[in-house]
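Colleague: Here you go, one structure.
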Amino acid sequence: MENLIYLDNGATSFPKPDEVYTFMDSFYRNFGVNPGRSGYDLCMETGDLVDKTRKQLTDFFNGSDPNRLCFSHNSTDALNLIIFGMLKQGDHAISTTLEHNSVLRPLYHQNKFNGVEVDYVPFGTNGFVDPEDIKKKIKANTRLVILNHASNVIGTVQPVEAIGRICRDNNVPFAIDASQSAGKIRIDMEKMYIDIVAFTGHKSLLGPTGIGGLYVRDGIEIQHTRAGGTGVRSAHRMHLEDYPYRLEYGTGNVVGIAGLHAGLKWIEEKGMDPIHHHEMKLTRMLRDGLRELDGVILYCQEELTDHIGVISFNVDGMEALNVGTLLDGEYDIACRTGLHCAPLVHEQLGTAKIGGAVRIGIGPFNTEDHIRAAIDAIGDIVDFQNKKQTPSFL
Ligand SMILES: Cc1ncc(COP(=O)(O)O)c(C=O)c1O
């Protein structure tokens with residue numbers, strides 16, 4: 001553990017900034033009550049932090065009304081609210097082959113059980129979806145375009161502004177899955193014509209697990225698909241229509257919101273661009289190092305522009321799982337192998353039938369030494385595989 005090199009930041013960021021741990025601890029000790037339920041001071045102060053974080057996230061996405069920022073458990077939860085609350089029998093939706101199962105499975109479910117028709121636009125060989133391909137799929141009954149902003153497998157950042165413009169011109173609501181991008185790439189809902197952003201707190205926003213949410217632009221409605229306590233207007237028989245209650249159910253994760261608040265504050269203080277710049281510098285270093293290794297197959301775009309710090313690769317002739325096991329067991333390097341919950345990406349890459357790929361996800365606390373160690377370790381594994389030499393770990 002002490003020597004662990006953590007390169008699985010695509011799954012969750014780790015470690016978090018110290019400020020996140022300390023703020024969560026002190027907040028929960030001092031204010032860990034149920035906000036919005038009662039009028040005593042402690043409850044009001046807890047509610048203040050929830051409101052402050054709504055405002056912070058609204059500003060972060062350049063939304064206009066903090067009440068339209070709804071908290072959820074994670075992005076999967078938010079994406080379910082969107083997909084089940086906006087699509088019904090006879091509707092058509094457009095998505096892509098870049099999607100995570102958090103989008104694919106709710107869409108498959110809507111298709112199988114509720115007769116929603118879905119088109120999945122493939123990404124090009126450069127890793128980007130062509131906005132014109134989305135445009136071509138729009139029909140009279142298209143009710144949603146939903147897209148993964150930054151790929152958790154190949155790292156490409158999609159041209160959301162151009163796609164958003166097409167959607168706005170055609171009066172089709174446009175939602176993005178910002179699980180990998182929020183906190184790394186600036187998301188301006190106004191400028192990018194985005195109607196709904198779904199985010200998760202525990203990745204690049206540097207908060208804890210179990211907190212996420214969505215911002216819904218004014219004029220876009222998501223039907224509530226669950227019902228329950230909201231803490232206000234208890235005599236009302238139906239779940240409340242007004243935001244944020246409309247898409248929030250039961251007691252929220254206040255300690256998660258506190259951690260997310262501290263994570264966002266840390267990002268604001270350090271600056272999102274310098275953090276991204278640092279991660280991309282390491283990503284280029286990794287890409288350059290792996291390129292030199294004979295027998296490494298890289299699945300990444302040439303220029304690494306419009307990219308996040310995610311690189312996937314395979315060692316020719318070896319299963320991804322075995323490479324990951326060696327990296328973990330022999331070199332103390334943690335990364336992710338397999339299909340990364342994005343089976344269509346691997347189908348398109350041709351890697352689905354060979355067990356996916358190895359993914360390295362770089363975070364703000366990674367260093368050049370970590371990357372050097374990863375390149376050396378992979379080089380060792382490649383040598384072993386290519387020349388059947390005894391690697392350093394034996
Ligand atoms: C692109 C993408 N979408 C959705 C998710 C799901 O995030 P969560 O598990 O926090 O809901 C992930 C997580 O890996 C992701 O990478």
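Letters A, B, ... mark the chains of the structure tokens in the order given; residue numbers begin at 1 per chain; ligand numbers begin at 1, in order shown.
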Counting only C-alpha atoms, what is within 7 Å of range 106-123 of chain A, bar same-chain residues fewer than 2 positions away, as a PyMOL selection string?

Modeller: chain A and resi 80+83+87-98+102-104+125+127-129+133-134

Colleague: Store the residues picked out above in a file with C-alpha atoms, as a PDB file, in the first residue's frame.

Modeller:
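For reference, selection.pdb as written:
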ATOM      1  CA  ASN A  80     -31.361   6.784 -15.168  1.00  0.00           C
ATOM      2  CA  ILE A  83     -33.427   8.291 -19.650  1.00  0.00           C
ATOM      3  CA  LEU A  87     -38.403   8.820 -23.040  1.00  0.00           C
ATOM      4  CA  LYS A  88     -41.632   6.920 -23.477  1.00  0.00           C
ATOM      5  CA  GLN A  89     -43.261   4.480 -25.924  1.00  0.00           C
ATOM      6  CA  GLY A  90     -42.873   5.658 -29.520  1.00  0.00           C
ATOM      7  CA  ASP A  91     -39.975   8.020 -28.817  1.00  0.00           C
ATOM      8  CA  HIS A  92     -36.622   7.899 -30.538  1.00  0.00           C
ATOM      9  CA  ALA A  93     -33.245   8.635 -28.935  1.00  0.00           C
ATOM     10  CA  ILE A  94     -29.745   9.030 -30.328  1.00  0.00           C
ATOM     11  CA  SER A  95     -26.633   7.944 -28.513  1.00  0.00           C
ATOM     12  CA  THR A  96     -23.201   6.639 -29.469  1.00  0.00           C
ATOM     13  CA  THR A  97     -20.986   3.584 -29.287  1.00  0.00           C
ATOM     14  CA  LEU A  98     -18.758   5.482 -26.844  1.00  0.00           C
ATOM     15  CA  SER A 102     -24.801   3.715 -17.280  1.00  0.00           C
ATOM     16  CA  VAL A 103     -26.295   5.039 -20.508  1.00  0.00           C
ATOM     17  CA  LEU A 104     -26.467   1.842 -22.550  1.00  0.00           C
ATOM     18  CA  THR A 125     -11.174   6.042 -36.390  1.00  0.00           C
ATOM     19  CA  GLY A 127     -12.061   8.467 -31.638  1.00  0.00           C
ATOM     20  CA  PHE A 128     -14.527  11.310 -32.220  1.00  0.00           C
ATOM     21  CA  VAL A 129     -18.192  11.263 -33.137  1.00  0.00           C
ATOM     22  CA  ASP A 133     -23.692  11.750 -38.141  1.00  0.00           C
ATOM     23  CA  ILE A 134     -25.871  12.764 -35.204  1.00  0.00           C
TER      24      ILE A 134
END

Colleague: Collect all residues with atoms no farther than 8 Å from ligand 1, counting only C-alpha atoms and all ligand atoms, and output them as a PyMOL selection string.

Modeller: chain A and resi 10-12+73-78+99-103+148-152+177-180+199-203+209-212+340-341

Colleague: Env of Glu241 in chain A: 12 Å cut, atoms = only C-alpha atoms, seq-sep filter 5 positions within chain, self excluded. Answer as a VMD selection string.

Modeller: chain A and resid 68 221 to 227 230 233 236 246 to 248

Colleague: Write the residues of the selection above to a file with all heavy atoms, as a compact mmCIF listing (two decimals), in the first residue's frame.

Modeller:
# COMPACT_ATOMS: atom_id res chain seq x y z
N ARG A 68 -32.19 24.13 -10.05
CA ARG A 68 -32.27 23.11 -11.10
C ARG A 68 -31.05 22.19 -11.07
O ARG A 68 -30.82 21.41 -11.98
CB ARG A 68 -32.49 23.76 -12.46
CG ARG A 68 -33.87 24.47 -12.45
CD ARG A 68 -34.30 24.94 -13.78
NE ARG A 68 -34.67 23.88 -14.68
CZ ARG A 68 -35.93 23.52 -14.98
NH1 ARG A 68 -36.95 24.11 -14.41
NH2 ARG A 68 -36.15 22.56 -15.85
N GLU A 221 -37.94 19.60 -19.28
CA GLU A 221 -38.60 18.92 -18.17
C GLU A 221 -38.26 17.43 -18.15
O GLU A 221 -38.27 16.78 -19.18
CB GLU A 221 -40.13 19.07 -18.24
CG GLU A 221 -40.63 20.51 -18.12
CD GLU A 221 -40.10 21.27 -16.90
OE1 GLU A 221 -39.49 20.65 -16.00
OE2 GLU A 221 -40.27 22.50 -16.87
N ILE A 222 -37.94 16.96 -16.95
CA ILE A 222 -37.76 15.52 -16.75
C ILE A 222 -38.89 15.06 -15.84
O ILE A 222 -39.05 15.60 -14.73
CB ILE A 222 -36.39 15.22 -16.10
CG1 ILE A 222 -35.26 15.73 -17.01
CG2 ILE A 222 -36.25 13.73 -15.82
CD1 ILE A 222 -33.86 15.47 -16.48
N GLN A 223 -39.66 14.10 -16.30
CA GLN A 223 -40.75 13.58 -15.48
C GLN A 223 -40.15 12.80 -14.30
O GLN A 223 -39.21 12.03 -14.51
CB GLN A 223 -41.62 12.66 -16.35
CG GLN A 223 -42.86 12.15 -15.66
CD GLN A 223 -43.74 13.25 -15.09
OE1 GLN A 223 -43.99 14.26 -15.76
NE2 GLN A 223 -44.15 13.08 -13.84
N HIS A 224 -40.68 13.01 -13.09
CA HIS A 224 -40.14 12.20 -11.99
C HIS A 224 -40.60 10.77 -12.14
O HIS A 224 -41.74 10.50 -12.52
CB HIS A 224 -40.47 12.77 -10.61
CG HIS A 224 -41.87 13.26 -10.45
ND1 HIS A 224 -42.94 12.44 -10.47
CD2 HIS A 224 -42.34 14.52 -10.29
CE1 HIS A 224 -44.04 13.16 -10.30
NE2 HIS A 224 -43.70 14.42 -10.20
N THR A 225 -39.68 9.85 -11.87
CA THR A 225 -40.00 8.43 -12.05
C THR A 225 -39.96 7.69 -10.72
O THR A 225 -40.07 6.47 -10.66
CB THR A 225 -38.98 7.79 -13.03
OG1 THR A 225 -37.68 8.28 -12.71
CG2 THR A 225 -39.33 8.14 -14.45
N ARG A 226 -39.74 8.44 -9.64
CA ARG A 226 -39.80 7.86 -8.29
C ARG A 226 -40.61 8.83 -7.46
O ARG A 226 -40.93 9.94 -7.92
CB ARG A 226 -38.40 7.75 -7.69
CG ARG A 226 -37.44 6.96 -8.51
CD ARG A 226 -36.05 7.09 -7.92
NE ARG A 226 -35.05 6.59 -8.84
CZ ARG A 226 -33.75 6.88 -8.75
NH1 ARG A 226 -33.32 7.67 -7.78
NH2 ARG A 226 -32.90 6.40 -9.61
N ALA A 227 -40.90 8.48 -6.25
CA ALA A 227 -41.65 9.39 -5.39
C ALA A 227 -41.29 9.10 -3.94
O ALA A 227 -40.84 8.00 -3.61
CB ALA A 227 -43.14 9.20 -5.61
N THR A 230 -39.64 14.58 0.65
CA THR A 230 -38.79 15.68 0.19
C THR A 230 -38.44 16.60 1.36
O THR A 230 -37.62 17.50 1.21
CB THR A 230 -39.51 16.52 -0.88
OG1 THR A 230 -40.81 16.85 -0.38
CG2 THR A 230 -39.65 15.77 -2.18
N ARG A 233 -43.73 20.27 2.31
CA ARG A 233 -45.11 20.05 1.81
C ARG A 233 -45.55 18.58 1.96
O ARG A 233 -45.96 17.94 0.99
CB ARG A 233 -45.22 20.54 0.37
CG ARG A 233 -45.44 22.06 0.33
CD ARG A 233 -45.44 22.57 -1.07
NE ARG A 233 -44.11 23.04 -1.42
CZ ARG A 233 -43.63 23.12 -2.65
NH1 ARG A 233 -44.36 22.75 -3.66
NH2 ARG A 233 -42.43 23.59 -2.87
N HIS A 236 -48.91 16.98 0.59
CA HIS A 236 -49.08 16.78 -0.85
C HIS A 236 -49.02 15.30 -1.18
O HIS A 236 -48.05 14.63 -0.82
CB HIS A 236 -47.92 17.53 -1.56
CG HIS A 236 -48.30 18.16 -2.82
ND1 HIS A 236 -48.34 17.48 -4.00
CD2 HIS A 236 -48.68 19.44 -3.12
CE1 HIS A 236 -48.72 18.30 -4.97
NE2 HIS A 236 -48.93 19.50 -4.45
N ARG A 246 -38.23 17.75 -7.37
CA ARG A 246 -38.76 16.89 -8.43
C ARG A 246 -37.88 15.66 -8.70
O ARG A 246 -38.39 14.57 -8.97
CB ARG A 246 -38.86 17.74 -9.70
CG ARG A 246 -39.52 17.09 -10.88
CD ARG A 246 -39.49 18.09 -12.03
NE ARG A 246 -40.04 17.56 -13.23
CZ ARG A 246 -41.20 17.94 -13.78
NH1 ARG A 246 -41.94 18.87 -13.19
NH2 ARG A 246 -41.63 17.42 -14.90
N LEU A 247 -36.56 15.86 -8.60
CA LEU A 247 -35.65 14.75 -8.92
C LEU A 247 -34.80 14.32 -7.72
O LEU A 247 -33.76 13.69 -7.89
CB LEU A 247 -34.76 15.13 -10.11
CG LEU A 247 -35.50 15.49 -11.40
CD1 LEU A 247 -34.52 15.92 -12.48
CD2 LEU A 247 -36.38 14.34 -11.90
N GLU A 248 -35.26 14.68 -6.53
CA GLU A 248 -34.55 14.21 -5.33
C GLU A 248 -35.53 13.44 -4.46
O GLU A 248 -36.69 13.85 -4.32
CB GLU A 248 -33.96 15.41 -4.57
CG GLU A 248 -32.79 16.05 -5.30
CD GLU A 248 -32.13 17.20 -4.54
OE1 GLU A 248 -32.58 17.54 -3.44
OE2 GLU A 248 -31.14 17.74 -5.08

Colleague: If you count only C-alpha atoms, which residues fall within 8 Å of range 41-49 of chain A, apart from same-chain ones fewer than 4 positions away, as a list in words?

Modeller: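 Listed by chain and then number, they are Phe31, Gly32, Val33, Asn34, Pro35, Gly36, Arg37, Thr53, Val254 and Ala258 of chain A.
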
Colleague: For the selection just defined, write its residues with C-alpha atoms to a file, as a PDB file, in the first residue's frame.

Modeller:
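Wrote it out as selection11.pdb, contents follow:
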ATOM      1  CA  PHE A  31     -23.418  19.454  11.144  1.00  0.00           C
ATOM      2  CA  GLY A  32     -24.421  15.889  10.298  1.00  0.00           C
ATOM      3  CA  VAL A  33     -28.166  16.383  10.642  1.00  0.00           C
ATOM      4  CA  ASN A  34     -30.981  16.084   8.103  1.00  0.00           C
ATOM      5  CA  PRO A  35     -31.210  19.375   6.154  1.00  0.00           C
ATOM      6  CA  GLY A  36     -34.492  20.906   5.016  1.00  0.00           C
ATOM      7  CA  ARG A  37     -36.528  18.910   7.531  1.00  0.00           C
ATOM      8  CA  THR A  53     -22.842  23.429  -3.128  1.00  0.00           C
ATOM      9  CA  VAL A 254     -24.946  15.395   3.171  1.00  0.00           C
ATOM     10  CA  ALA A 258     -19.657  18.243   1.966  1.00  0.00           C
TER      11      ALA A 258
END

Colleague: Which residues are close to range 276-293 of chain A, i.e. within 9 Å by only C-alpha atoms, leaving aside same-chain residues fewer than 5 positions away? Reply as a ChimeraX atom specification.

Modeller: /A:183-185,271,298,300,304,307-311,313,361-368,371-372,374-376,378-379,382-383

Colleague: Return as CSV the residues of range 159-234 of chain A lying at most 12 Å from range 137-141 of chain A, together with the closest atom-to-atom pair for each and the distance in Å to one decimal, counting only C-alpha atoms, with rows in chain order and ascending residue number.

Modeller:
residue,atom,partner,partner_atom,distance
A:Ile163,CA,A:Ile138,CA,11.5
A:Ile166,CA,A:Ile138,CA,9.5
A:Cys167,CA,A:Ile138,CA,8.6
A:Arg168,CA,A:Ile138,CA,11.7
A:Asp169,CA,A:Ile138,CA,11.1
A:Asn170,CA,A:Ile138,CA,8.0
A:Asn171,CA,A:Ala140,CA,10.0
A:Val172,CA,A:Ile138,CA,8.4
A:Pro173,CA,A:Ile138,CA,11.4
A:Phe174,CA,A:Ile138,CA,11.9

Colleague: Which residues in range 66-139 of chain A does DSSP call alpha helix (DSSP H)? List them as a tab-separated table (two decimals) with all heavy atoms, in the first residue's frame.

Modeller:
chain	number	residue	atom	x	y	z
A	75	SER	N	-23.46	9.37	-11.20
A	75	SER	CA	-23.96	9.69	-12.54
A	75	SER	C	-24.89	8.60	-13.07
A	75	SER	O	-25.83	8.89	-13.81
A	75	SER	CB	-22.83	9.98	-13.52
A	75	SER	OG	-21.93	8.93	-13.54
A	76	THR	N	-24.67	7.36	-12.69
A	76	THR	CA	-25.58	6.29	-13.14
A	76	THR	C	-27.01	6.61	-12.72
A	76	THR	O	-27.95	6.48	-13.50
A	76	THR	CB	-25.15	4.93	-12.51
A	76	THR	OG1	-23.79	4.70	-12.85
A	76	THR	CG2	-26.02	3.80	-12.99
A	77	ASP	N	-27.15	7.05	-11.49
A	77	ASP	CA	-28.45	7.41	-10.95
A	77	ASP	C	-29.04	8.59	-11.75
A	77	ASP	O	-30.20	8.56	-12.18
A	77	ASP	CB	-28.23	7.80	-9.48
A	77	ASP	CG	-29.51	7.90	-8.69
A	77	ASP	OD1	-30.47	7.21	-9.04
A	77	ASP	OD2	-29.53	8.67	-7.71
A	78	ALA	N	-28.21	9.61	-11.98
A	78	ALA	CA	-28.67	10.79	-12.72
A	78	ALA	C	-29.07	10.41	-14.15
A	78	ALA	O	-30.09	10.87	-14.68
A	78	ALA	CB	-27.57	11.84	-12.74
A	79	LEU	N	-28.27	9.55	-14.77
A	79	LEU	CA	-28.55	9.15	-16.17
A	79	LEU	C	-29.84	8.33	-16.24
A	79	LEU	O	-30.62	8.47	-17.18
A	79	LEU	CB	-27.36	8.36	-16.72
A	79	LEU	CG	-26.10	9.23	-16.95
A	79	LEU	CD1	-24.83	8.38	-17.00
A	79	LEU	CD2	-26.23	10.08	-18.20
A	80	ASN	N	-30.09	7.52	-15.23
A	80	ASN	CA	-31.36	6.78	-15.17
A	80	ASN	C	-32.54	7.75	-15.06
A	80	ASN	O	-33.57	7.56	-15.70
A	80	ASN	CB	-31.38	5.82	-13.98
A	80	ASN	CG	-30.84	4.45	-14.37
A	80	ASN	OD1	-31.58	3.57	-14.76
A	80	ASN	ND2	-29.52	4.29	-14.28
A	81	LEU	N	-32.38	8.79	-14.22
A	81	LEU	CA	-33.46	9.77	-14.08
A	81	LEU	C	-33.77	10.41	-15.43
A	81	LEU	O	-34.92	10.64	-15.79
A	81	LEU	CB	-33.09	10.85	-13.06
A	81	LEU	CG	-32.98	10.38	-11.60
A	81	LEU	CD1	-32.46	11.51	-10.71
A	81	LEU	CD2	-34.33	9.89	-11.10
A	82	ILE	N	-32.71	10.71	-16.17
A	82	ILE	CA	-32.88	11.36	-17.49
A	82	ILE	C	-33.55	10.40	-18.47
A	82	ILE	O	-34.57	10.72	-19.09
A	82	ILE	CB	-31.51	11.81	-18.05
A	82	ILE	CG1	-30.86	12.85	-17.15
A	82	ILE	CG2	-31.65	12.34	-19.48
A	82	ILE	CD1	-29.36	13.09	-17.43
A	83	ILE	N	-32.98	9.21	-18.59
A	83	ILE	CA	-33.43	8.29	-19.65
A	83	ILE	C	-34.83	7.75	-19.37
A	83	ILE	O	-35.64	7.61	-20.29
A	83	ILE	CB	-32.37	7.17	-19.84
A	83	ILE	CG1	-31.10	7.79	-20.43
A	83	ILE	CG2	-32.90	6.04	-20.72
A	83	ILE	CD1	-29.87	6.90	-20.42
A	84	PHE	N	-35.15	7.51	-18.11
A	84	PHE	CA	-36.50	7.02	-17.80
A	84	PHE	C	-37.51	8.16	-17.67
A	84	PHE	O	-38.70	7.96	-17.84
A	84	PHE	CB	-36.48	6.14	-16.54
A	84	PHE	CG	-35.89	4.79	-16.82
A	84	PHE	CD1	-34.57	4.50	-16.52
A	84	PHE	CD2	-36.66	3.80	-17.43
A	84	PHE	CE1	-34.02	3.27	-16.81
A	84	PHE	CE2	-36.11	2.56	-17.74
A	84	PHE	CZ	-34.79	2.29	-17.43
A	85	GLY	N	-37.01	9.37	-17.39
A	85	GLY	CA	-37.93	10.50	-17.20
A	85	GLY	C	-38.21	11.27	-18.48
A	85	GLY	O	-39.09	12.13	-18.51
A	86	MET	N	-37.47	10.97	-19.55
A	86	MET	CA	-37.67	11.77	-20.77
A	86	MET	C	-38.16	10.95	-21.96
A	86	MET	O	-38.57	11.53	-22.96
A	86	MET	CB	-36.35	12.46	-21.15
A	86	MET	CG	-35.93	13.49	-20.12
A	86	MET	SD	-34.52	14.46	-20.64
A	86	MET	CE	-35.27	15.58	-21.83
A	101	ASN	N	-22.05	1.69	-19.73
A	101	ASN	CA	-23.29	0.95	-19.44
A	101	ASN	C	-24.31	1.78	-18.66
A	101	ASN	O	-25.49	1.46	-18.65
A	101	ASN	CB	-22.97	-0.33	-18.67
A	101	ASN	CG	-22.63	-1.48	-19.61
A	101	ASN	OD1	-23.02	-1.47	-20.79
A	101	ASN	ND2	-21.90	-2.47	-19.12
A	102	SER	N	-23.87	2.83	-18.01
A	102	SER	CA	-24.80	3.71	-17.28
A	102	SER	C	-25.77	4.40	-18.22
A	102	SER	O	-26.84	4.83	-17.80
A	102	SER	CB	-24.03	4.81	-16.54
A	102	SER	OG	-23.13	4.25	-15.66
A	103	VAL	N	-25.38	4.52	-19.48
A	103	VAL	CA	-26.29	5.04	-20.51
A	103	VAL	C	-26.88	3.88	-21.31
A	103	VAL	O	-28.08	3.82	-21.56
A	103	VAL	CB	-25.55	6.04	-21.44
A	103	VAL	CG1	-26.36	6.36	-22.68
A	103	VAL	CG2	-25.25	7.32	-20.67
A	104	LEU	N	-26.00	2.94	-21.67
A	104	LEU	CA	-26.47	1.84	-22.55
A	104	LEU	C	-27.57	1.01	-21.90
A	104	LEU	O	-28.59	0.74	-22.53
A	104	LEU	CB	-25.29	0.92	-22.91
A	104	LEU	CG	-24.18	1.52	-23.78
A	104	LEU	CD1	-23.08	0.49	-23.99
A	104	LEU	CD2	-24.72	2.00	-25.11
A	105	ARG	N	-27.37	0.61	-20.66
A	105	ARG	CA	-28.34	-0.31	-20.07
A	105	ARG	C	-29.71	0.33	-19.87
A	105	ARG	O	-30.73	-0.30	-20.19
A	105	ARG	CB	-27.79	-0.92	-18.77
A	105	ARG	CG	-26.74	-1.99	-19.09
A	105	ARG	CD	-26.19	-2.64	-17.85
A	105	ARG	NE	-25.30	-3.73	-18.20
A	105	ARG	CZ	-24.40	-4.25	-17.37
A	105	ARG	NH1	-24.28	-3.77	-16.14
A	105	ARG	NH2	-23.64	-5.24	-17.75
A	106	PRO	N	-29.79	1.57	-19.36
A	106	PRO	CA	-31.13	2.20	-19.31
A	106	PRO	C	-31.76	2.32	-20.71
A	106	PRO	O	-32.96	2.11	-20.87
A	106	PRO	CB	-30.87	3.57	-18.70
A	106	PRO	CG	-29.60	3.42	-17.93
A	106	PRO	CD	-28.79	2.38	-18.66
A	107	LEU	N	-30.92	2.59	-21.72
A	107	LEU	CA	-31.47	2.69	-23.09
A	107	LEU	C	-31.93	1.32	-23.59
A	107	LEU	O	-33.00	1.19	-24.19
A	107	LEU	CB	-30.43	3.28	-24.05
A	107	LEU	CG	-30.19	4.78	-23.94
A	107	LEU	CD1	-29.05	5.21	-24.87
A	107	LEU	CD2	-31.45	5.60	-24.25
A	108	TYR	N	-31.14	0.27	-23.33
A	108	TYR	CA	-31.55	-1.08	-23.75
A	108	TYR	C	-32.87	-1.45	-23.05
A	108	TYR	O	-33.75	-2.05	-23.65
A	108	TYR	CB	-30.48	-2.12	-23.37
A	108	TYR	CG	-29.17	-2.02	-24.13
A	108	TYR	CD1	-27.99	-2.48	-23.54
A	108	TYR	CD2	-29.10	-1.51	-25.41
A	108	TYR	CE1	-26.78	-2.41	-24.22
A	108	TYR	CE2	-27.87	-1.43	-26.09
A	108	TYR	CZ	-26.73	-1.88	-25.49
A	108	TYR	OH	-25.53	-1.81	-26.16
A	109	HIS	N	-32.94	-1.07	-21.79
A	109	HIS	CA	-34.15	-1.38	-21.02
A	109	HIS	C	-35.35	-0.64	-21.63
A	109	HIS	O	-36.41	-1.24	-21.85
A	109	HIS	CB	-33.92	-0.94	-19.56
A	109	HIS	CG	-34.98	-1.40	-18.63
A	109	HIS	ND1	-34.79	-2.41	-17.72
A	109	HIS	CD2	-36.26	-0.98	-18.45
A	109	HIS	CE1	-35.90	-2.59	-17.03
A	109	HIS	NE2	-36.80	-1.74	-17.46
A	110	GLN	N	-35.17	0.63	-21.93
A	110	GLN	CA	-36.25	1.42	-22.53
A	110	GLN	C	-36.67	0.83	-23.87
A	110	GLN	O	-37.83	0.85	-24.24
A	110	GLN	CB	-35.80	2.88	-22.72
A	110	GLN	CG	-35.85	3.72	-21.47
A	110	GLN	CD	-37.29	4.13	-21.15
A	110	GLN	OE1	-38.19	3.29	-21.13
A	110	GLN	NE2	-37.51	5.40	-20.92
A	111	ASN	N	-35.70	0.32	-24.59
A	111	ASN	CA	-35.99	-0.28	-25.90
A	111	ASN	C	-36.77	-1.58	-25.73
A	111	ASN	O	-37.81	-1.80	-26.34
A	111	ASN	CB	-34.67	-0.51	-26.65
A	111	ASN	CG	-34.90	-1.24	-27.95
A	111	ASN	OD1	-34.65	-2.43	-28.06
A	111	ASN	ND2	-35.42	-0.53	-28.94
A	112	LYS	N	-36.27	-2.43	-24.84
A	112	LYS	CA	-36.86	-3.76	-24.68
A	112	LYS	C	-38.26	-3.72	-24.04
A	112	LYS	O	-39.16	-4.41	-24.48
A	112	LYS	CB	-35.92	-4.63	-23.84
A	112	LYS	CG	-36.42	-6.04	-23.67
A	112	LYS	CD	-35.38	-6.97	-23.13
A	112	LYS	CE	-36.04	-8.33	-22.97
A	112	LYS	NZ	-35.18	-9.33	-22.48
A	113	PHE	N	-38.40	-2.92	-23.01
A	113	PHE	CA	-39.65	-2.97	-22.25
A	113	PHE	C	-40.63	-1.85	-22.59
A	113	PHE	O	-41.82	-1.96	-22.33
A	113	PHE	CB	-39.36	-2.97	-20.74
A	113	PHE	CG	-38.57	-4.17	-20.30
A	113	PHE	CD1	-37.24	-4.05	-19.93
A	113	PHE	CD2	-39.15	-5.43	-20.29
A	113	PHE	CE1	-36.50	-5.16	-19.55
A	113	PHE	CE2	-38.42	-6.56	-19.92
A	113	PHE	CZ	-37.09	-6.42	-19.55
A	114	ASN	N	-40.13	-0.74	-23.14
A	114	ASN	CA	-41.02	0.40	-23.35
A	114	ASN	C	-41.07	0.88	-24.80
A	114	ASN	O	-41.59	1.97	-25.07
A	114	ASN	CB	-40.62	1.56	-22.42
A	114	ASN	CG	-40.74	1.16	-20.96
A	114	ASN	OD1	-41.64	0.41	-20.59
A	114	ASN	ND2	-39.82	1.62	-20.13
A	131	PRO	N	-20.40	15.25	-35.62
A	131	PRO	CA	-21.71	15.88	-35.35
A	131	PRO	C	-22.70	15.68	-36.50
A	131	PRO	O	-23.90	15.53	-36.27
A	131	PRO	CB	-21.36	17.36	-35.17
A	131	PRO	CG	-19.94	17.36	-34.75
A	131	PRO	CD	-19.30	16.19	-35.41
A	132	GLU	N	-22.19	15.63	-37.73
A	132	GLU	CA	-23.09	15.45	-38.88
A	132	GLU	C	-23.77	14.08	-38.82
A	132	GLU	O	-24.90	13.93	-39.29
A	132	GLU	CB	-22.31	15.58	-40.20
A	132	GLU	CG	-21.94	17.02	-40.55
A	132	GLU	CD	-23.15	17.95	-40.63
A	132	GLU	OE1	-24.12	17.59	-41.33
A	132	GLU	OE2	-23.13	19.01	-39.98
A	133	ASP	N	-23.08	13.09	-38.26
A	133	ASP	CA	-23.69	11.75	-38.14
A	133	ASP	C	-24.86	11.78	-37.16
A	133	ASP	O	-25.83	11.03	-37.31
A	133	ASP	CB	-22.65	10.71	-37.67
A	133	ASP	CG	-21.63	10.41	-38.76
A	133	ASP	OD1	-21.89	10.77	-39.93
A	133	ASP	OD2	-20.57	9.84	-38.43
A	134	ILE	N	-24.75	12.61	-36.15
A	134	ILE	CA	-25.87	12.76	-35.20
A	134	ILE	C	-27.03	13.45	-35.93
A	134	ILE	O	-28.18	13.01	-35.85
A	134	ILE	CB	-25.45	13.63	-33.98
A	134	ILE	CG1	-24.24	13.02	-33.27
A	134	ILE	CG2	-26.64	13.91	-33.05
A	134	ILE	CD1	-24.49	12.13	-32.11
A	135	LYS	N	-26.69	14.49	-36.65
A	135	LYS	CA	-27.72	15.26	-37.37
A	135	LYS	C	-28.54	14.35	-38.29
A	135	LYS	O	-29.76	14.44	-38.34
A	135	LYS	CB	-27.03	16.36	-38.17
A	135	LYS	CG	-27.97	17.36	-38.78
A	135	LYS	CD	-27.16	18.44	-39.45
A	135	LYS	CE	-28.03	19.44	-40.14
A	135	LYS	NZ	-27.22	20.50	-40.75
A	136	LYS	N	-27.81	13.47	-38.99
A	136	LYS	CA	-28.49	12.59	-39.96
A	136	LYS	C	-29.50	11.66	-39.28
A	136	LYS	O	-30.43	11.18	-39.93
A	136	LYS	CB	-27.44	11.73	-40.69
A	136	LYS	CG	-26.70	12.48	-41.77
A	136	LYS	CD	-25.74	11.53	-42.48
A	136	LYS	CE	-24.56	12.31	-43.04
A	136	LYS	NZ	-23.31	11.58	-43.06
A	137	LYS	N	-29.31	11.39	-38.02
A	137	LYS	CA	-30.19	10.43	-37.33
A	137	LYS	C	-31.43	11.10	-36.73
A	137	LYS	O	-32.35	10.41	-36.26
A	137	LYS	CB	-29.43	9.72	-36.21
A	137	LYS	CG	-28.34	8.79	-36.69
A	137	LYS	CD	-28.93	7.56	-37.34
A	137	LYS	CE	-27.85	6.64	-37.88
A	137	LYS	NZ	-28.38	5.64	-38.79

Colleague: Any idea what the distance is between CA of Ile194 in chain A and CA of Val160 in chain A?

Modeller: 7.8 Å

Colleague: Out of range 23-176 of chain A, which residues get strand (DSSP E or B) from DSSP, as an MDAnalysis selection string?

Modeller: chainID A and resid 69:72 92:96 117:121 142:148 150 156:157 174:176

Colleague: Give the answer as one residue: which of A:Asp195, A:Asp306, A:Asp59, A:Glu19 has the shortest atom-to-atom distance to Leu260 in chain A, using only C-alpha atoms?

Modeller: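 Once distances to Leu260 in chain A are computed over only C-alpha atoms, the minimum belongs to A:Glu19.
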